[in-house]
$ cat work_39.tsv   # TSV, C-alpha atoms
chain	number	residue	atom	x	y	z
A	1	MET	CA	157.88	-92.96	44.97
A	2	LYS	CA	157.56	-94.93	41.73
A	3	GLU	CA	160.15	-96.80	39.71
A	4	ALA	CA	161.29	-94.49	36.95
A	5	LEU	CA	160.96	-95.11	33.26
A	6	PHE	CA	163.93	-94.84	30.91
A	7	TYR	CA	167.00	-95.97	32.78
A	8	GLU	CA	169.47	-98.81	32.70
A	9	LYS	CA	171.38	-100.57	35.47
A	10	ARG	CA	175.15	-100.34	35.68
A	11	ASP	CA	177.86	-102.10	37.68
A	12	GLU	CA	178.29	-101.49	41.40
A	13	GLY	CA	174.61	-100.67	41.85
A	14	LYS	CA	174.74	-97.54	39.71
A	15	VAL	CA	171.96	-96.53	37.31
A	16	HIS	CA	172.09	-94.51	34.09
A	17	CYS	CA	169.08	-92.20	33.69
A	18	LEU	CA	168.02	-91.92	30.04
A	19	LEU	CA	165.22	-89.37	30.45
A	20	CYS	CA	167.07	-86.16	29.61
A	21	PRO	CA	170.35	-84.87	28.14
A	22	GLN	CA	171.94	-84.48	31.57
A	23	ASP	CA	172.80	-88.17	31.10
A	24	CYS	CA	173.19	-88.83	34.83
A	25	VAL	CA	174.95	-91.94	36.12
A	26	ILE	CA	173.74	-92.17	39.72
A	27	ALA	CA	175.35	-94.10	42.56
A	28	PRO	CA	173.24	-95.85	45.22
A	29	GLY	CA	171.68	-93.36	47.62
A	30	LYS	CA	172.34	-90.42	45.30
A	31	ARG	CA	170.07	-88.22	43.16
A	32	GLY	CA	170.36	-87.03	39.60
A	33	PHE	CA	170.87	-83.45	38.46
A	34	CYS	CA	167.11	-82.82	38.65
A	35	ARG	CA	167.12	-83.71	42.39
A	36	VAL	CA	163.95	-85.81	42.10
A	37	ARG	CA	165.23	-89.09	40.62
A	38	VAL	CA	167.02	-91.23	43.19
A	39	ASN	CA	168.94	-94.52	43.13
A	40	VAL	CA	167.64	-96.86	45.84
A	41	ASP	CA	169.59	-100.15	45.96
A	42	GLY	CA	170.25	-100.10	42.23
A	43	VAL	CA	166.73	-99.11	41.15
A	44	LEU	CA	165.91	-95.62	39.89
A	45	TYR	CA	162.85	-94.05	41.50
A	46	THR	CA	161.05	-90.78	40.86
A	47	GLU	CA	160.36	-88.96	44.11
A	48	ASN	CA	157.86	-86.47	42.69
A	49	TYR	CA	155.42	-89.01	41.21
A	50	ASN	CA	151.94	-88.24	42.60
A	51	ARG	CA	153.30	-85.16	44.40
A	52	VAL	CA	152.04	-81.68	43.55
A	53	MET	CA	153.37	-78.29	44.64
A	54	ALA	CA	151.07	-75.86	42.82
A	55	ARG	CA	147.73	-76.06	41.03
A	56	SER	CA	145.49	-73.32	39.71
A	57	MET	CA	143.14	-72.26	36.94
A	58	ASP	CA	145.19	-70.00	34.64
A	59	PRO	CA	144.51	-68.10	31.43
A	60	MET	CA	145.92	-69.94	28.42
A	61	GLU	CA	147.76	-66.72	27.59
A	62	LYS	CA	149.77	-67.03	30.83
A	63	LYS	CA	151.60	-70.10	29.52
A	64	PRO	CA	152.05	-68.19	27.13
A	65	LEU	CA	150.01	-69.76	24.34
A	66	TYR	CA	148.38	-67.16	22.11
A	67	HIS	CA	147.27	-69.36	19.22
A	68	PHE	CA	145.80	-72.28	21.17
A	69	HIS	CA	142.24	-71.95	22.50
A	70	PRO	CA	142.66	-68.18	23.02
A	71	GLY	CA	140.86	-66.78	26.04
A	72	SER	CA	140.28	-70.22	27.59
A	73	PRO	CA	141.18	-70.99	31.21
A	74	ILE	CA	143.25	-74.13	31.75
A	75	TYR	CA	143.84	-76.21	34.86
A	76	SER	CA	147.56	-75.96	35.65
A	77	LEU	CA	149.82	-78.19	37.74
A	78	GLY	CA	153.43	-78.13	38.88
A	79	THR	CA	155.73	-79.96	41.27
A	80	ARG	CA	159.32	-79.88	42.52
A	81	GLY	CA	162.53	-80.08	40.48
A	82	CYS	CA	164.10	-79.13	37.15
A	83	ASN	CA	166.79	-80.46	34.82
A	84	GLN	CA	168.19	-77.00	34.12
A	85	HIS	CA	169.62	-74.75	36.83
A	86	CYS	CA	169.29	-71.27	35.33
A	87	ASP	CA	170.91	-68.39	37.18
A	88	PHE	CA	167.83	-66.24	36.46
A	89	CYS	CA	165.16	-68.80	37.46
A	90	GLN	CA	161.84	-67.20	38.40
A	91	ASN	CA	160.64	-70.32	40.25
A	92	TRP	CA	163.90	-71.21	41.99
A	93	HIS	CA	162.04	-72.10	45.20
A	94	MET	CA	160.56	-75.11	43.36
A	95	LEU	CA	164.05	-76.54	42.86
A	96	GLN	CA	164.90	-76.98	46.52
A	97	ASP	CA	165.10	-80.44	48.09
A	98	ASP	CA	162.82	-79.33	50.92
A	99	ALA	CA	160.22	-77.62	48.68
A	100	PRO	CA	156.84	-78.71	50.12
A	101	THR	CA	154.62	-80.99	48.03
A	102	ALA	CA	151.35	-82.80	48.71
A	103	ALA	CA	149.96	-86.20	47.69
A	104	PHE	CA	147.99	-85.91	44.46
A	105	ASP	CA	147.22	-88.46	41.76
A	106	ALA	CA	146.36	-88.24	38.09
A	107	ARG	CA	142.71	-89.23	38.48
A	108	ARG	CA	142.16	-86.43	40.95
A	109	ALA	CA	143.85	-83.98	38.57
A	110	VAL	CA	141.53	-84.98	35.73
A	111	GLU	CA	138.43	-84.79	37.91
A	112	GLU	CA	139.38	-81.34	39.21
A	113	ALA	CA	140.03	-80.12	35.67
A	114	LEU	CA	136.61	-81.36	34.57
A	115	ALA	CA	134.92	-79.86	37.64
A	116	ASN	CA	136.46	-76.50	36.77
A	117	ARG	CA	135.26	-76.84	33.15
A	118	SER	CA	138.83	-76.57	31.93
A	119	VAL	CA	139.68	-77.15	28.29
A	120	GLY	CA	142.49	-79.38	29.53
A	121	ILE	CA	145.54	-79.65	31.76
A	122	ALA	CA	148.78	-77.65	31.60
A	123	TYR	CA	151.92	-79.12	33.13
A	124	THR	CA	153.84	-76.02	34.08
A	125	TYR	CA	155.48	-73.91	36.84
A	126	ASN	CA	158.46	-76.29	37.09
A	127	GLU	CA	159.87	-78.51	34.32
A	128	PRO	CA	157.18	-81.07	33.47
A	129	THR	CA	159.44	-83.53	31.66
A	130	ILE	CA	161.17	-84.53	34.94
A	131	TRP	CA	157.65	-85.26	36.29
A	132	TYR	CA	157.49	-87.69	33.39
A	133	GLU	CA	155.71	-90.70	34.90
A	134	PHE	CA	152.93	-88.58	36.38
A	135	VAL	CA	152.55	-86.41	33.28
A	136	LEU	CA	152.35	-89.43	30.96
A	137	GLU	CA	149.70	-91.10	33.12
A	138	CYS	CA	147.70	-87.90	33.60
A	139	ALA	CA	147.88	-86.93	29.93
A	140	GLN	CA	146.54	-90.31	28.88
A	141	LEU	CA	143.61	-90.00	31.30
A	142	ALA	CA	142.90	-86.43	30.23
A	143	ARG	CA	142.85	-87.44	26.56
A	144	GLU	CA	140.39	-90.24	27.36
A	145	ARG	CA	138.08	-87.63	28.91
A	146	GLY	CA	138.27	-85.33	25.88
A	147	MET	CA	140.66	-82.74	27.30
A	148	VAL	CA	143.82	-81.26	25.81
A	149	ASN	CA	147.31	-81.48	27.32
A	150	VAL	CA	149.81	-78.60	27.38
A	151	LEU	CA	153.50	-78.66	28.26
A	152	VAL	CA	155.32	-75.48	29.30
A	153	THR	CA	158.84	-76.78	29.03
A	154	ASN	CA	162.52	-76.07	28.59
A	155	GLY	CA	162.63	-78.77	25.91
A	156	SER	CA	165.43	-80.78	27.56
A	157	ILE	CA	164.21	-84.32	27.03
A	158	ASN	CA	165.67	-87.24	25.13
A	159	PRO	CA	164.05	-88.38	21.85
A	160	GLU	CA	162.70	-91.76	23.02
A	161	PRO	CA	160.84	-90.47	26.11
A	162	PHE	CA	159.49	-87.57	24.07
A	163	SER	CA	158.23	-89.83	21.29
A	164	ARG	CA	156.29	-91.87	23.86
A	165	LEU	CA	154.69	-88.78	25.42
A	166	ALA	CA	154.10	-86.79	22.23
A	167	PRO	CA	150.90	-88.58	21.07
A	168	TYR	CA	149.12	-87.26	24.17
A	169	VAL	CA	150.39	-83.67	23.91
A	170	ASP	CA	148.34	-81.05	22.08
A	171	ALA	CA	150.39	-77.89	22.60
A	172	MET	CA	153.79	-76.82	23.90
A	173	ASN	CA	155.41	-73.56	24.79
A	174	ILE	CA	159.14	-74.25	24.59
A	175	ASP	CA	161.79	-71.96	26.06
A	176	VAL	CA	164.67	-71.38	23.67
A	177	LYS	CA	166.79	-69.32	26.01
A	178	SER	CA	169.58	-68.47	23.59
A	179	MET	CA	171.04	-69.69	20.31
A	180	ASP	CA	174.47	-69.69	21.95
A	181	PRO	CA	175.52	-73.13	23.25
A	182	ASP	CA	177.92	-71.44	25.70
A	183	PHE	CA	174.98	-69.55	27.25
A	184	TYR	CA	173.30	-72.86	27.96
A	185	ARG	CA	176.47	-74.33	29.47
A	186	ARG	CA	177.30	-71.35	31.69
A	187	ILE	CA	173.91	-69.90	32.61
A	188	CYS	CA	171.56	-72.90	32.46
A	189	LYS	CA	173.97	-75.80	33.13
A	190	SER	CA	172.42	-77.50	30.14
A	191	LYS	CA	172.69	-78.00	26.37
A	192	LEU	CA	171.16	-76.14	23.44
A	193	GLU	CA	170.94	-78.76	20.69
A	194	PRO	CA	168.54	-81.15	22.51
A	195	VAL	CA	166.15	-78.21	22.99
A	196	LEU	CA	166.19	-77.45	19.28
A	197	ALA	CA	165.70	-81.14	18.53
A	198	THR	CA	162.60	-81.20	20.76
A	199	CYS	CA	161.18	-78.19	18.91
A	200	ARG	CA	161.62	-79.99	15.60
A	201	ALA	CA	160.22	-83.27	16.93
A	202	ALA	CA	157.15	-81.52	18.35
A	203	ARG	CA	156.37	-79.92	15.01
A	204	GLU	CA	156.88	-83.21	13.20
A	205	ALA	CA	154.47	-84.86	15.66
A	206	GLY	CA	151.76	-82.32	14.80
A	207	ILE	CA	151.84	-80.62	18.20
A	208	HIS	CA	150.98	-76.92	18.33
A	209	VAL	CA	154.25	-75.14	19.22
A	210	GLU	CA	155.03	-71.63	20.42
A	211	ILE	CA	158.53	-70.44	21.34
A	212	THR	CA	159.53	-68.11	24.19
A	213	ASN	CA	162.84	-66.26	24.50
A	214	LEU	CA	163.67	-64.35	27.69
A	215	VAL	CA	165.81	-61.40	26.60
A	216	ILE	CA	168.63	-60.77	29.10
A	217	PRO	CA	170.81	-57.67	28.60
A	218	THR	CA	174.45	-58.43	27.70
A	219	LEU	CA	173.87	-62.20	27.60
A	220	ASN	CA	171.52	-63.06	24.72
A	221	ASP	CA	170.36	-59.72	23.27
A	222	THR	CA	172.60	-59.18	20.22
A	223	ASP	CA	171.16	-58.77	16.75
A	224	GLU	CA	173.13	-61.84	15.67
A	225	LEU	CA	171.50	-64.04	18.30
A	226	PHE	CA	168.05	-62.64	17.55
A	227	THR	CA	168.61	-63.38	13.86
A	228	ARG	CA	169.77	-66.93	14.54
A	229	LEU	CA	166.71	-67.53	16.72
A	230	VAL	CA	164.36	-66.11	14.10
A	231	ASP	CA	165.95	-68.26	11.39
A	232	PHE	CA	165.47	-71.34	13.56
A	233	VAL	CA	161.83	-70.56	14.32
A	234	CYS	CA	161.25	-69.83	10.63
A	235	SER	CA	162.63	-73.29	9.83
A	236	LEU	CA	159.84	-74.70	11.99
A	237	GLY	CA	157.36	-72.58	10.04
A	238	PRO	CA	156.84	-68.82	9.74
A	239	GLU	CA	153.44	-69.27	11.40
A	240	VAL	CA	155.02	-70.48	14.67
A	241	PRO	CA	154.47	-67.72	17.27
A	242	LEU	CA	157.58	-66.27	18.92
A	243	HIS	CA	157.35	-64.54	22.31
A	244	PHE	CA	160.12	-62.18	23.43
A	245	SER	CA	159.84	-61.61	27.19
A	246	ALA	CA	161.45	-59.00	29.40
A	247	TYR	CA	163.80	-60.26	32.09
A	248	PHE	CA	163.82	-58.98	35.67
A	249	PRO	CA	166.51	-59.76	38.27
A	250	SER	CA	165.83	-63.01	40.10
A	251	TYR	CA	167.59	-65.79	41.99
A	252	LYS	CA	171.36	-65.46	41.34
A	253	MET	CA	171.20	-62.87	38.55
A	254	THR	CA	171.38	-59.13	39.27
A	255	ILE	CA	171.70	-57.72	35.74
A	256	GLU	CA	169.42	-54.72	35.17
A	257	PRO	CA	165.97	-55.43	33.64
A	258	THR	CA	165.53	-55.65	29.88
A	259	PRO	CA	165.04	-52.22	28.29
A	260	LEU	CA	162.01	-51.87	26.04
A	261	SER	CA	164.30	-50.87	23.17
A	262	ALA	CA	165.83	-54.37	23.12
A	263	LEU	CA	162.43	-56.02	22.82
A	264	LEU	CA	161.34	-53.65	20.07
A	265	ARG	CA	164.56	-54.35	18.18
A	266	ALA	CA	164.02	-58.10	18.56
A	267	ARG	CA	160.46	-57.77	17.27
A	268	GLU	CA	161.60	-55.73	14.29
A	269	ILE	CA	164.15	-58.39	13.33
A	270	ALA	CA	161.69	-61.24	13.84
A	271	SER	CA	158.84	-59.58	11.95
A	272	GLU	CA	160.87	-59.67	8.75
A	273	LYS	CA	160.38	-63.45	8.57
A	274	LEU	CA	157.76	-64.53	11.10
A	275	TYR	CA	154.01	-63.89	10.98
A	276	TYR	CA	153.40	-63.63	14.73
A	277	VAL	CA	155.79	-61.95	17.17
A	278	TYR	CA	154.77	-60.97	20.71
A	279	LEU	CA	156.30	-59.02	23.59
A	280	GLY	CA	155.80	-60.21	27.15
A	281	ASN	CA	156.30	-58.73	30.62
A	282	VAL	CA	156.03	-55.19	29.22
A	283	ALA	CA	153.21	-52.73	28.68
A	284	VAL	CA	153.17	-52.13	24.91
A	285	SER	CA	149.83	-51.31	23.31
A	286	ASP	CA	150.24	-53.69	20.37
A	287	GLY	CA	152.68	-56.16	21.91
A	288	SER	CA	150.18	-58.96	22.39
A	289	HIS	CA	147.58	-58.49	19.62
A	290	THR	CA	147.30	-60.97	16.75
A	291	TYR	CA	146.99	-59.57	13.23
A	292	CYS	CA	146.32	-61.32	9.94
A	293	PRO	CA	149.66	-61.52	8.11
A	294	GLN	CA	147.90	-61.12	4.78
A	295	CYS	CA	145.59	-58.13	5.25
A	296	GLY	CA	146.50	-56.75	8.71
A	297	ASN	CA	143.05	-57.35	10.21
A	298	LEU	CA	143.01	-57.53	14.02
A	299	LEU	CA	142.22	-61.18	14.70
A	300	ILE	CA	142.64	-61.32	18.49
A	301	SER	CA	142.98	-58.38	20.87
A	302	ARG	CA	144.51	-58.81	24.32
A	303	ARG	CA	144.47	-56.42	27.26
A	304	GLY	CA	146.33	-58.27	29.96
A	305	TYR	CA	144.40	-61.54	30.16
A	306	LEU	CA	141.22	-60.03	28.70
A	307	VAL	CA	140.94	-61.62	25.25
A	308	SER	CA	138.60	-60.84	22.35
A	309	VAL	CA	138.55	-63.09	19.28
A	310	ALA	CA	136.67	-60.66	17.07
A	311	GLY	CA	138.48	-61.01	13.74
A	312	ILE	CA	138.20	-64.78	13.25
A	313	ARG	CA	135.24	-66.42	11.57
A	314	ASP	CA	135.19	-70.14	10.81
A	315	ARG	CA	138.89	-70.34	11.81
A	316	ALA	CA	139.85	-67.77	9.18
A	317	CYS	CA	140.36	-64.02	8.94
A	318	SER	CA	136.95	-62.37	8.83
A	319	ARG	CA	138.21	-59.85	6.27
A	320	CYS	CA	140.29	-61.77	3.70
A	321	GLY	CA	139.56	-65.43	4.51
A	322	ARG	CA	143.16	-66.46	5.16
A	323	PRO	CA	143.44	-69.35	7.68
A	324	ALA	CA	143.99	-67.84	11.11
A	325	ASP	CA	146.80	-70.21	12.31
A	326	VAL	CA	144.92	-70.53	15.59
A	327	VAL	CA	143.66	-73.71	17.26
A	328	MET	CA	140.13	-72.96	18.48
$ encode --input "work_39.tsv" --output "structure tokens"
Amino acid sequence: MKEALFYEKRDEGKVHCLLCPQDCVIAPGKRGFCRVRVNVDGVLYTENYNRVMARSMDPMEKKPLYHFHPGSPIYSLGTRGCNQHCDFCQNWHMLQDDAPTAAFDARRAVEEALANRSVGIAYTYNEPTIWYEFVLECAQLARERGMVNVLVTNGSINPEPFSRLAPYVDAMNIDVKSMDPDFYRRICKSKLEPVLATCRAAREAGIHVEITNLVIPTLNDTDELFTRLVDFVCSLGPEVPLHFSAYFPSYKMTIEPTPLSALLRAREIASEKLYYVYLGNVAVSDGSHTYCPQCGNLLISRRGYLVSVAGIRDRACSRCGRPADVVM
């Protein structure tokens, strides 16, 4: 364990965690909502510091990041815990108190990433912001060694912790799970506005941002909610990629899988304002290709995780010369 950052002591041995919008006040011997930050005799500790649950070399597109080092493999790490409890969680086993982890420090992570010739390190699988102390330390070391850092995150982090981490982050895929605050309260046990604030802060910090929305029938698949999401992403910049992904039943949720028609409708609405809209978890011939928004040239073709960057030359469209909006 390691003493946590961003907390304050309260009366009667309680502590107030300031890391995320859950705003936990934790009594001695108790844990916060994330289940990995614990009050020991009036001091807040993080139990998952230097503990890893999963590590692998993944395609960058799996994050998904389509406009950041396309086709590159990236060393990926995850641990236990999350500060949202979504009824449809795909990695629910990583939330359990008894989920197995192993000792693992930041220097070893960086050395393994270098040994695997990775472009960088992705903090993913579970929610990386509640692994904050490890991620901050590892990201600093990775930056010193010339590697990039990627967060695959739900965006639920307070402004001060994020501003301290942001200088070491190169790219983020942020889940915006619905534009309905009630959806976040009921389905994710969380809050919408802090997620949107993180999206804005990441863009302002110069971090490459892509947004993912898991489309769940009857819960977040109305044209109104799609339009509100598209308007928000457009406010970040029409060049920000938006990924609509198909849902499949998991954990506590038994709703039928997302029909293809819903994803196609979402893409049609989004394509009116955004340059790059992708469909995930479905087999659609053009759902993952990248086209130049000016001339329609195929910039990047994707067949599963097989990627070809054939239409980009000198970071611009090979046909019309428009900047490709891709970090190479």
$ atom_distance --input "work_39.tsv" --atom1 "CA of Thr222 (chain A)" --atom2 "CA of Val176 (chain A)"
15.0 Å
$ closest_atom_pairs --input "work_39.tsv" --of "region 81-150 of chain A" --to "region 246-257 of chain A" --cutoff "7 Å" --atoms "only C-alpha atoms" --output "tab-separated table"
residue	atom	partner	partner_atom	distance
A:Asp87	CA	A:Lys252	CA	5.1
A:Phe88	CA	A:Met253	CA	5.2
A:Cys89	CA	A:Tyr251	CA	6.0
A:Gln90	CA	A:Ser250	CA	6.0
A:Trp92	CA	A:Tyr251	CA	6.6
$ closest_residue --input "work_39.tsv" --among "A:Ala262, A:Met57, A:Met94, A:Cys86" --to "Arg185 (chain A)" --atoms "all atoms listed in the file"
A:Cys86
$ atom_distance --input "work_39.tsv" --atom1 "CA of Glu47 (chain A)" --atom2 "CA of Ile207 (chain A)"
28.5 Å
$ closest_residue --input "work_39.tsv" --among "A:Arg80, A:Leu18, A:Glu3, A:Ser72" --to "Thr46 (chain A)" --atoms "only C-alpha atoms"
A:Glu3
$ atom_distance --input "work_39.tsv" --atom1 "CA of Phe162 (chain A)" --atom2 "CA of Pro64 (chain A)"
21.0 Å
$ residues_around --input "work_39.tsv" --residues "Tyr276 (chain A)" --least-positions-apart "2" --cutoff "12 Å" --atoms "only C-alpha atoms" --output "number ranges by chain"
A: 65-67, 210-211, 230, 233-234, 237-244, 267-268, 270-274, 278-279, 286-294, 296, 299-300, 324-326
$ residues_near_point --input "work_39.tsv" --point "(166.6, -54.2, 18.8)" --cutoff "12 Å" --atoms "all atoms listed in the file" --output "ChimeraX atom specification"
/A:215,217,220-227,244,258-271
$ closest_residue --input "work_39.tsv" --among "A:Val40, A:Ala139, A:Val152, A:Leu306" --to "Ile121 (chain A)" --atoms "all atoms listed in the file"
A:Ala139
$ closest_residue --input "work_39.tsv" --among "A:Lys191, A:His208, A:Arg186, A:Arg143" --to "Asn158 (chain A)" --atoms "only C-alpha atoms"
A:Lys191
$ residues_around --input "work_39.tsv" --residues "Gly146 (chain A)" --least-positions-apart "5" --cutoff "9 Å" --atoms "all atoms listed in the file" --output "list of chain:residue names"
A:Val119, A:Gly120, A:Leu141
$ write_last_selection --input "work_39.tsv" --atoms "C-alpha atoms" --output "mmCIF file, keeping the file's coordinate frame"
data_model
loop_
_atom_site.group_PDB
_atom_site.id
_atom_site.type_symbol
_atom_site.label_atom_id
_atom_site.label_comp_id
_atom_site.auth_asym_id
_atom_site.auth_seq_id
_atom_site.Cartn_x
_atom_site.Cartn_y
_atom_site.Cartn_z
ATOM 1 C CA VAL A 119 139.680 -77.150 28.290
ATOM 2 C CA GLY A 120 142.490 -79.380 29.530
ATOM 3 C CA LEU A 141 143.610 -90.000 31.300
#
$ closest_residue --input "work_39.tsv" --among "A:Asp23, A:Glu111, A:Asp98, A:Asp170" --to "Ile157 (chain A)" --atoms "all atoms listed in the file"
A:Asp23
$ closest_residue --input "work_39.tsv" --among "A:Glu8, A:Asp105, A:Glu144, A:Glu133" --to "Leu44 (chain A)" --atoms "all atoms listed in the file"
A:Glu8
$ residues_around --input "work_39.tsv" --residues "Cys24 (chain A)" --least-positions-apart "2" --cutoff "12 Å" --atoms "all atoms listed in the file" --output "VMD selection string"
chain A and resid 6 to 10 14 to 22 26 to 27 30 to 35 37 to 39 44 83
$ write_last_selection --input "work_39.tsv" --atoms "C-alpha atoms" --output "PDB file, keeping the file's coordinate frame"
ATOM      1  CA  PHE A   6     163.930 -94.840  30.910  1.00  0.00           C
ATOM      2  CA  TYR A   7     167.000 -95.970  32.780  1.00  0.00           C
ATOM      3  CA  GLU A   8     169.470 -98.810  32.700  1.00  0.00           C
ATOM      4  CA  LYS A   9     171.380-100.570  35.470  1.00  0.00           C
ATOM      5  CA  ARG A  10     175.150-100.340  35.680  1.00  0.00           C
ATOM      6  CA  LYS A  14     174.740 -97.540  39.710  1.00  0.00           C
ATOM      7  CA  VAL A  15     171.960 -96.530  37.310  1.00  0.00           C
ATOM      8  CA  HIS A  16     172.090 -94.510  34.090  1.00  0.00           C
ATOM      9  CA  CYS A  17     169.080 -92.200  33.690  1.00  0.00           C
ATOM     10  CA  LEU A  18     168.020 -91.920  30.040  1.00  0.00           C
ATOM     11  CA  LEU A  19     165.220 -89.370  30.450  1.00  0.00           C
ATOM     12  CA  CYS A  20     167.070 -86.160  29.610  1.00  0.00           C
ATOM     13  CA  PRO A  21     170.350 -84.870  28.140  1.00  0.00           C
ATOM     14  CA  GLN A  22     171.940 -84.480  31.570  1.00  0.00           C
ATOM     15  CA  ILE A  26     173.740 -92.170  39.720  1.00  0.00           C
ATOM     16  CA  ALA A  27     175.350 -94.100  42.560  1.00  0.00           C
ATOM     17  CA  LYS A  30     172.340 -90.420  45.300  1.00  0.00           C
ATOM     18  CA  ARG A  31     170.070 -88.220  43.160  1.00  0.00           C
ATOM     19  CA  GLY A  32     170.360 -87.030  39.600  1.00  0.00           C
ATOM     20  CA  PHE A  33     170.870 -83.450  38.460  1.00  0.00           C
ATOM     21  CA  CYS A  34     167.110 -82.820  38.650  1.00  0.00           C
ATOM     22  CA  ARG A  35     167.120 -83.710  42.390  1.00  0.00           C
ATOM     23  CA  ARG A  37     165.230 -89.090  40.620  1.00  0.00           C
ATOM     24  CA  VAL A  38     167.020 -91.230  43.190  1.00  0.00           C
ATOM     25  CA  ASN A  39     168.940 -94.520  43.130  1.00  0.00           C
ATOM     26  CA  LEU A  44     165.910 -95.620  39.890  1.00  0.00           C
ATOM     27  CA  ASN A  83     166.790 -80.460  34.820  1.00  0.00           C
TER      28      ASN A  83
END
$ residues_near_point --input "work_39.tsv" --point "(143.5, -63.2, 22.4)" --cutoff "7 Å" --atoms "all atoms listed in the file" --output "short mmCIF file (atom, residue, chain, number, x, y, z; two decimals) with C-alpha atoms, keeping the file's coordinate frame"
data_model
loop_
_atom_site.label_atom_id
_atom_site.label_comp_id
_atom_site.auth_asym_id
_atom_site.auth_seq_id
_atom_site.Cartn_x
_atom_site.Cartn_y
_atom_site.Cartn_z
CA TYR A 66 148.38 -67.16 22.11
CA PRO A 70 142.66 -68.18 23.02
CA GLY A 71 140.86 -66.78 26.04
CA HIS A 289 147.58 -58.49 19.62
CA ILE A 300 142.64 -61.32 18.49
CA SER A 301 142.98 -58.38 20.87
CA ARG A 302 144.51 -58.81 24.32
CA VAL A 307 140.94 -61.62 25.25
CA SER A 308 138.60 -60.84 22.35
CA VAL A 309 138.55 -63.09 19.28
#
$ residues_around --input "work_39.tsv" --residues "Tyr75 (chain A)" --least-positions-apart "5" --cutoff "9 Å" --atoms "all atoms listed in the file" --output "ChimeraX atom specification"
/A:55-59,109,112-114,116-123
$ residues_around --input "work_39.tsv" --residues "Cys295 (chain A)" --least-positions-apart "6" --cutoff "9 Å" --atoms "only C-alpha atoms" --output "ChimeraX atom specification"
/A:317,319-320,322
$ build_atoms --input "work_39.tsv" --residues "region 178-189 of chain A" --atoms "N, CA and C atoms" --output "JSON list (two decimals), in the frame of the given file"
[["chain", "number", "residue", "atom", "x", "y", "z"],
["A", 178, "SER", "N", 168.55, -69.13, 24.37],
["A", 178, "SER", "CA", 169.58, -68.47, 23.59],
["A", 178, "SER", "C", 169.95, -69.40, 22.45],
["A", 179, "MET", "N", 170.50, -68.85, 21.38],
["A", 179, "MET", "CA", 171.04, -69.69, 20.31],
["A", 179, "MET", "C", 172.54, -69.88, 20.47],
["A", 180, "ASP", "N", 173.05, -69.56, 21.64],
["A", 180, "ASP", "CA", 174.47, -69.69, 21.95],
["A", 180, "ASP", "C", 174.66, -70.90, 22.86],
["A", 181, "PRO", "N", 175.32, -71.96, 22.40],
["A", 181, "PRO", "CA", 175.52, -73.13, 23.25],
["A", 181, "PRO", "C", 176.27, -72.81, 24.55],
["A", 182, "ASP", "N", 177.17, -71.81, 24.49],
["A", 182, "ASP", "CA", 177.92, -71.44, 25.70],
["A", 182, "ASP", "C", 177.01, -70.83, 26.75],
["A", 183, "PHE", "N", 175.98, -70.08, 26.32],
["A", 183, "PHE", "CA", 174.98, -69.55, 27.25],
["A", 183, "PHE", "C", 174.33, -70.69, 28.01],
["A", 184, "TYR", "N", 173.93, -71.73, 27.30],
["A", 184, "TYR", "CA", 173.30, -72.86, 27.96],
["A", 184, "TYR", "C", 174.24, -73.53, 28.95],
["A", 185, "ARG", "N", 175.51, -73.69, 28.57],
["A", 185, "ARG", "CA", 176.47, -74.33, 29.47],
["A", 185, "ARG", "C", 176.71, -73.49, 30.73],
["A", 186, "ARG", "N", 176.93, -72.20, 30.56],
["A", 186, "ARG", "CA", 177.30, -71.35, 31.69],
["A", 186, "ARG", "C", 176.11, -70.94, 32.55],
["A", 187, "ILE", "N", 175.02, -70.53, 31.91],
["A", 187, "ILE", "CA", 173.91, -69.90, 32.61],
["A", 187, "ILE", "C", 172.82, -70.90, 33.01],
["A", 188, "CYS", "N", 172.64, -71.93, 32.20],
["A", 188, "CYS", "CA", 171.56, -72.90, 32.46],
["A", 188, "CYS", "C", 172.07, -74.28, 32.89],
["A", 189, "LYS", "N", 173.39, -74.49, 32.81],
["A", 189, "LYS", "CA", 173.97, -75.80, 33.13],
["A", 189, "LYS", "C", 173.30, -76.89, 32.31]]
